[in-house]
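The file model.pdb comes next; it holds PDB, C-alpha atoms, pLDDT in the B column.
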```pdb
ATOM      1  CA  GLN A   1      32.149  -0.782 -37.494  1.00 88.00           C
ATOM      2  CA  VAL A   2      32.476   2.645 -35.897  1.00 91.00           C
ATOM      3  CA  GLN A   3      30.084   5.306 -37.148  1.00 95.00           C
ATOM      4  CA  LEU A   4      30.598   9.030 -36.632  1.00 96.00           C
ATOM      5  CA  MET A   5      28.270  11.966 -37.165  1.00 96.00           C
ATOM      6  CA  GLU A   6      29.335  15.579 -36.754  1.00 96.00           C
ATOM      7  CA  SER A   7      27.132  18.557 -35.960  1.00 96.00           C
ATOM      8  CA  GLY A   8      27.507  22.136 -34.786  1.00 97.00           C
ATOM      9  CA  GLY A   9      29.113  23.830 -37.742  1.00 96.00           C
ATOM     10  CA  GLY A  10      27.920  27.167 -39.055  1.00 97.00           C
ATOM     11  CA  SER A  11      28.850  30.723 -39.851  1.00 98.00           C
ATOM     12  CA  VAL A  12      30.323  33.106 -37.292  1.00 98.00           C
ATOM     13  CA  GLN A  13      32.191  36.387 -37.264  1.00 98.00           C
ATOM     14  CA  ALA A  14      35.846  36.578 -36.379  1.00 98.00           C
ATOM     15  CA  GLY A  15      36.357  36.427 -32.638  1.00 98.00           C
ATOM     16  CA  GLY A  16      33.275  34.309 -32.137  1.00 98.00           C
ATOM     17  CA  SER A  17      32.872  30.753 -30.888  1.00 98.00           C
ATOM     18  CA  LEU A  18      31.403  27.468 -32.059  1.00 98.00           C
ATOM     19  CA  ARG A  19      31.187  24.021 -30.531  1.00 98.00           C
ATOM     20  CA  LEU A  20      31.347  20.992 -32.766  1.00 98.00           C
ATOM     21  CA  SER A  21      29.984  17.623 -31.685  1.00 98.00           C
ATOM     22  CA  CYS A  22      30.660  14.137 -32.986  1.00 97.00           C
ATOM     23  CA  ALA A  23      28.374  11.292 -31.964  1.00 96.00           C
ATOM     24  CA  ALA A  24      30.150   7.932 -32.088  1.00 94.00           C
ATOM     25  CA  SER A  25      28.750   4.418 -32.111  1.00 90.00           C
ATOM     26  CA  GLY A  26      29.969   0.894 -32.725  1.00 88.00           C
ATOM     27  CA  TYR A  27      33.138   0.759 -30.630  1.00 81.00           C
ATOM     28  CA  ALA A  28      34.147  -2.832 -29.954  1.00 74.00           C
ATOM     29  CA  GLY A  29      36.220  -2.031 -26.846  1.00 74.00           C
ATOM     30  CA  SER A  30      36.997   0.654 -24.295  1.00 74.00           C
ATOM     31  CA  TYR A  31      40.215   1.984 -25.820  1.00 79.00           C
ATOM     32  CA  HIS A  32      40.197   4.407 -28.702  1.00 87.00           C
ATOM     33  CA  SER A  33      41.614   7.602 -30.105  1.00 94.00           C
ATOM     34  CA  MET A  34      39.624  10.400 -31.696  1.00 95.00           C
ATOM     35  CA  GLY A  35      40.485  13.534 -33.548  1.00 97.00           C
ATOM     36  CA  TRP A  36      39.238  16.596 -35.332  1.00 98.00           C
ATOM     37  CA  PHE A  37      40.588  17.447 -38.761  1.00 98.00           C
ATOM     38  CA  ARG A  38      39.830  20.218 -41.213  1.00 98.00           C
ATOM     39  CA  GLN A  39      40.198  20.757 -44.903  1.00 98.00           C
ATOM     40  CA  ALA A  40      39.883  24.042 -46.744  1.00 97.00           C
ATOM     41  CA  PRO A  41      39.359  24.177 -50.524  1.00 95.00           C
ATOM     42  CA  GLY A  42      42.597  23.432 -52.348  1.00 95.00           C
ATOM     43  CA  LYS A  43      44.432  22.432 -49.182  1.00 96.00           C
ATOM     44  CA  GLU A  44      45.358  19.131 -47.582  1.00 96.00           C
ATOM     45  CA  ARG A  45      43.449  17.753 -44.642  1.00 97.00           C
ATOM     46  CA  GLU A  46      45.165  18.827 -41.436  1.00 97.00           C
ATOM     47  CA  GLY A  47      44.918  17.652 -37.864  1.00 98.00           C
ATOM     48  CA  VAL A  48      43.397  20.147 -35.451  1.00 98.00           C
ATOM     49  CA  ALA A  49      43.163  18.244 -32.158  1.00 98.00           C
ATOM     50  CA  GLY A  50      43.236  14.672 -30.925  1.00 97.00           C
ATOM     51  CA  ILE A  51      42.352  12.844 -27.731  1.00 96.00           C
ATOM     52  CA  ARG A  52      42.949   9.320 -26.448  1.00 93.00           C
ATOM     53  CA  SER A  53      40.566   7.412 -24.218  1.00 89.00           C
ATOM     54  CA  ASP A  54      43.113   7.854 -21.383  1.00 90.00           C
ATOM     55  CA  GLY A  55      42.628  11.630 -21.660  1.00 92.00           C
ATOM     56  CA  ILE A  56      45.860  12.561 -23.400  1.00 94.00           C
ATOM     57  CA  THR A  57      45.374  15.388 -25.923  1.00 96.00           C
ATOM     58  CA  ASN A  58      47.370  17.091 -28.625  1.00 97.00           C
ATOM     59  CA  TYR A  59      46.704  20.261 -30.615  1.00 98.00           C
ATOM     60  CA  ALA A  60      47.980  21.844 -33.770  1.00 98.00           C
ATOM     61  CA  PRO A  61      50.066  24.940 -32.960  1.00 97.00           C
ATOM     62  CA  SER A  62      47.644  27.130 -34.925  1.00 97.00           C
ATOM     63  CA  VAL A  63      44.745  26.338 -32.564  1.00 98.00           C
ATOM     64  CA  ARG A  64      46.467  25.703 -29.250  1.00 98.00           C
ATOM     65  CA  GLY A  65      45.009  28.007 -26.599  1.00 97.00           C
ATOM     66  CA  ARG A  66      41.891  28.710 -28.670  1.00 98.00           C
ATOM     67  CA  PHE A  67      40.388  25.248 -29.252  1.00 98.00           C
ATOM     68  CA  THR A  68      39.606  22.568 -26.671  1.00 98.00           C
ATOM     69  CA  ILE A  69      38.904  18.926 -27.446  1.00 98.00           C
ATOM     70  CA  SER A  70      36.923  16.860 -24.966  1.00 97.00           C
ATOM     71  CA  GLU A  71      34.982  13.639 -24.767  1.00 95.00           C
ATOM     72  CA  ASP A  72      31.844  12.635 -22.881  1.00 94.00           C
ATOM     73  CA  LYS A  73      32.260   8.889 -22.609  1.00 90.00           C
ATOM     74  CA  ALA A  74      28.785   8.392 -21.142  1.00 91.00           C
ATOM     75  CA  LYS A  75      27.293   9.950 -24.277  1.00 93.00           C
ATOM     76  CA  ASN A  76      29.938   8.587 -26.673  1.00 92.00           C
ATOM     77  CA  THR A  77      30.340  12.116 -27.966  1.00 95.00           C
ATOM     78  CA  LEU A  78      33.425  14.067 -28.942  1.00 96.00           C
ATOM     79  CA  TYR A  79      33.475  17.862 -28.772  1.00 98.00           C
ATOM     80  CA  LEU A  80      35.599  20.669 -30.144  1.00 98.00           C
ATOM     81  CA  GLN A  81      35.097  24.029 -28.460  1.00 98.00           C
ATOM     82  CA  MET A  82      36.429  26.715 -30.778  1.00 98.00           C
ATOM     83  CA  ASN A  83      36.990  30.209 -29.389  1.00 98.00           C
ATOM     84  CA  SER A  84      38.543  33.355 -30.855  1.00 98.00           C
ATOM     85  CA  LEU A  85      37.808  32.069 -34.338  1.00 98.00           C
ATOM     86  CA  LYS A  86      39.724  33.513 -37.270  1.00 98.00           C
ATOM     87  CA  PRO A  87      38.860  33.573 -40.985  1.00 98.00           C
ATOM     88  CA  GLU A  88      41.694  31.101 -41.575  1.00 97.00           C
ATOM     89  CA  ASP A  89      39.810  28.583 -39.411  1.00 98.00           C
ATOM     90  CA  SER A  90      37.166  28.316 -42.144  1.00 98.00           C
ATOM     91  CA  ALA A  91      37.059  24.762 -43.468  1.00 98.00           C
ATOM     92  CA  MET A  92      35.138  21.513 -43.508  1.00 98.00           C
ATOM     93  CA  TYR A  93      35.716  19.896 -40.132  1.00 98.00           C
ATOM     94  CA  TYR A  94      35.822  16.114 -39.822  1.00 98.00           C
ATOM     95  CA  CYS A  95      35.677  13.805 -36.844  1.00 97.00           C
ATOM     96  CA  ALA A  96      37.859  10.694 -36.934  1.00 97.00           C
ATOM     97  CA  ALA A  97      38.271   7.618 -34.750  1.00 95.00           C
ATOM     98  CA  ASP A  98      40.593   4.677 -34.294  1.00 93.00           C
ATOM     99  CA  GLU A  99      39.862   1.597 -32.166  1.00 91.00           C
ATOM    100  CA  GLY A 100      43.150   1.766 -30.341  1.00 83.00           C
ATOM    101  CA  ILE A 101      45.485   4.025 -28.426  1.00 83.00           C
ATOM    102  CA  LEU A 102      47.718   6.063 -30.720  1.00 84.00           C
ATOM    103  CA  LEU A 103      50.965   6.030 -28.737  1.00 82.00           C
ATOM    104  CA  ASN A 104      52.799   8.612 -30.830  1.00 87.00           C
ATOM    105  CA  MET A 105      51.399  12.067 -30.076  1.00 87.00           C
ATOM    106  CA  ARG A 106      51.995  13.156 -33.651  1.00 89.00           C
ATOM    107  CA  ASP A 107      49.752  10.319 -34.842  1.00 91.00           C
ATOM    108  CA  LEU A 108      46.827  11.963 -33.046  1.00 94.00           C
ATOM    109  CA  LEU A 109      47.054  14.751 -35.633  1.00 96.00           C
ATOM    110  CA  SER A 110      47.779  12.544 -38.647  1.00 95.00           C
ATOM    111  CA  PRO A 111      44.941  11.375 -40.935  1.00 95.00           C
ATOM    112  CA  ASN A 112      46.857   8.105 -41.373  1.00 93.00           C
ATOM    113  CA  GLY A 113      46.259   7.253 -37.727  1.00 90.00           C
ATOM    114  CA  TYR A 114      42.517   6.884 -38.105  1.00 95.00           C
ATOM    115  CA  ASP A 115      40.306   4.252 -39.694  1.00 94.00           C
ATOM    116  CA  TYR A 116      36.874   5.858 -39.382  1.00 95.00           C
ATOM    117  CA  TRP A 117      35.627   9.250 -40.562  1.00 97.00           C
ATOM    118  CA  GLY A 118      32.483  11.314 -40.353  1.00 97.00           C
ATOM    119  CA  GLN A 119      30.924  13.212 -43.232  1.00 97.00           C
ATOM    120  CA  GLY A 120      32.081  16.619 -42.031  1.00 97.00           C
ATOM    121  CA  THR A 121      30.516  19.870 -40.915  1.00 97.00           C
ATOM    122  CA  GLN A 122      31.261  23.265 -42.454  1.00 98.00           C
ATOM    123  CA  VAL A 123      32.700  26.125 -40.416  1.00 98.00           C
ATOM    124  CA  THR A 124      32.824  29.583 -41.973  1.00 98.00           C
ATOM    125  CA  VAL A 125      34.410  32.537 -40.188  1.00 98.00           C
ATOM    126  CA  SER A 126      33.913  35.979 -41.678  1.00 97.00           C
ATOM    127  CA  SER A 127      36.123  38.988 -41.028  1.00 94.00           C
TER
END
```
Whole structure, structure tokens version:
Amino acid sequence: QVQLMESGGGSVQAGGSLRLSCAASGYAGSYHSMGWFRQAPGKEREGVAGIRSDGITNYAPSVRGRFTISEDKAKNTLYLQMNSLKPEDSAMYYCAADEGILLNMRDLLSPNGYDYWGQGTQVTVSS
């Protein structure tokens, strides 16, 4: 059973930066996929960025060039560096994991591709 715990959310002004972390435990093998999702009030959960254990990444068009997903395998920790934040980036951010390689790049940004979820961390960007 994979367990995930996010941290690093908070409040920031537009143009600022935040780094989210997701500590993972319980992987049965070496191969996995992980992603960051967000959900604003009244909106569907959307994929922000995903990464496979072979290093392949994918980003939503709205964050490409501003956000960077990375993984420290030694620490079993996933990160999301968020720069040039905008008010529309405000949402609850969730970490997700799947014990396998998601071969379709679009699946990295689809909630249906993941079996395990963290509790979320709130990000608020003020104008």
* Contacts of range 122-125 of chain A at 8 Å or less, counting all atoms listed in the file, minus same-chain residues fewer than 3 places along, as a PyMOL selection string? -> chain A and resi 9-14+85-93
Let me have the centre and edge lengths in Å, one decimal, of the box along x, y and z around every listed atom of range 33-38 of chain A with 3 Å of margin on each side, as AutoDock Vina command-line options.
```
--center_x 40.4 --center_y 13.9 --center_z -35.7 --size_x 8.4 --size_y 18.6 --size_z 17.1
```
* To do: Compare A:Tyr114, A:Ile56, A:Leu78, A:Leu102 by their minimum atom-to-atom distance to Gly8 in chain A, counting only C-alpha atoms, and give me the closest one.
  => A:Leu78
* Within 6 Å of Thr77 in chain A using all atoms listed in the file, minus same-chain residues under 5 positions, as number ranges by chain -> A: 22-24, 71-72
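Taking only C-alpha atoms into account, Gly47 in chain A lies nearest to A:Arg106 out of the set A:Arg66, A:Arg106, A:Arg19, A:Lys73.
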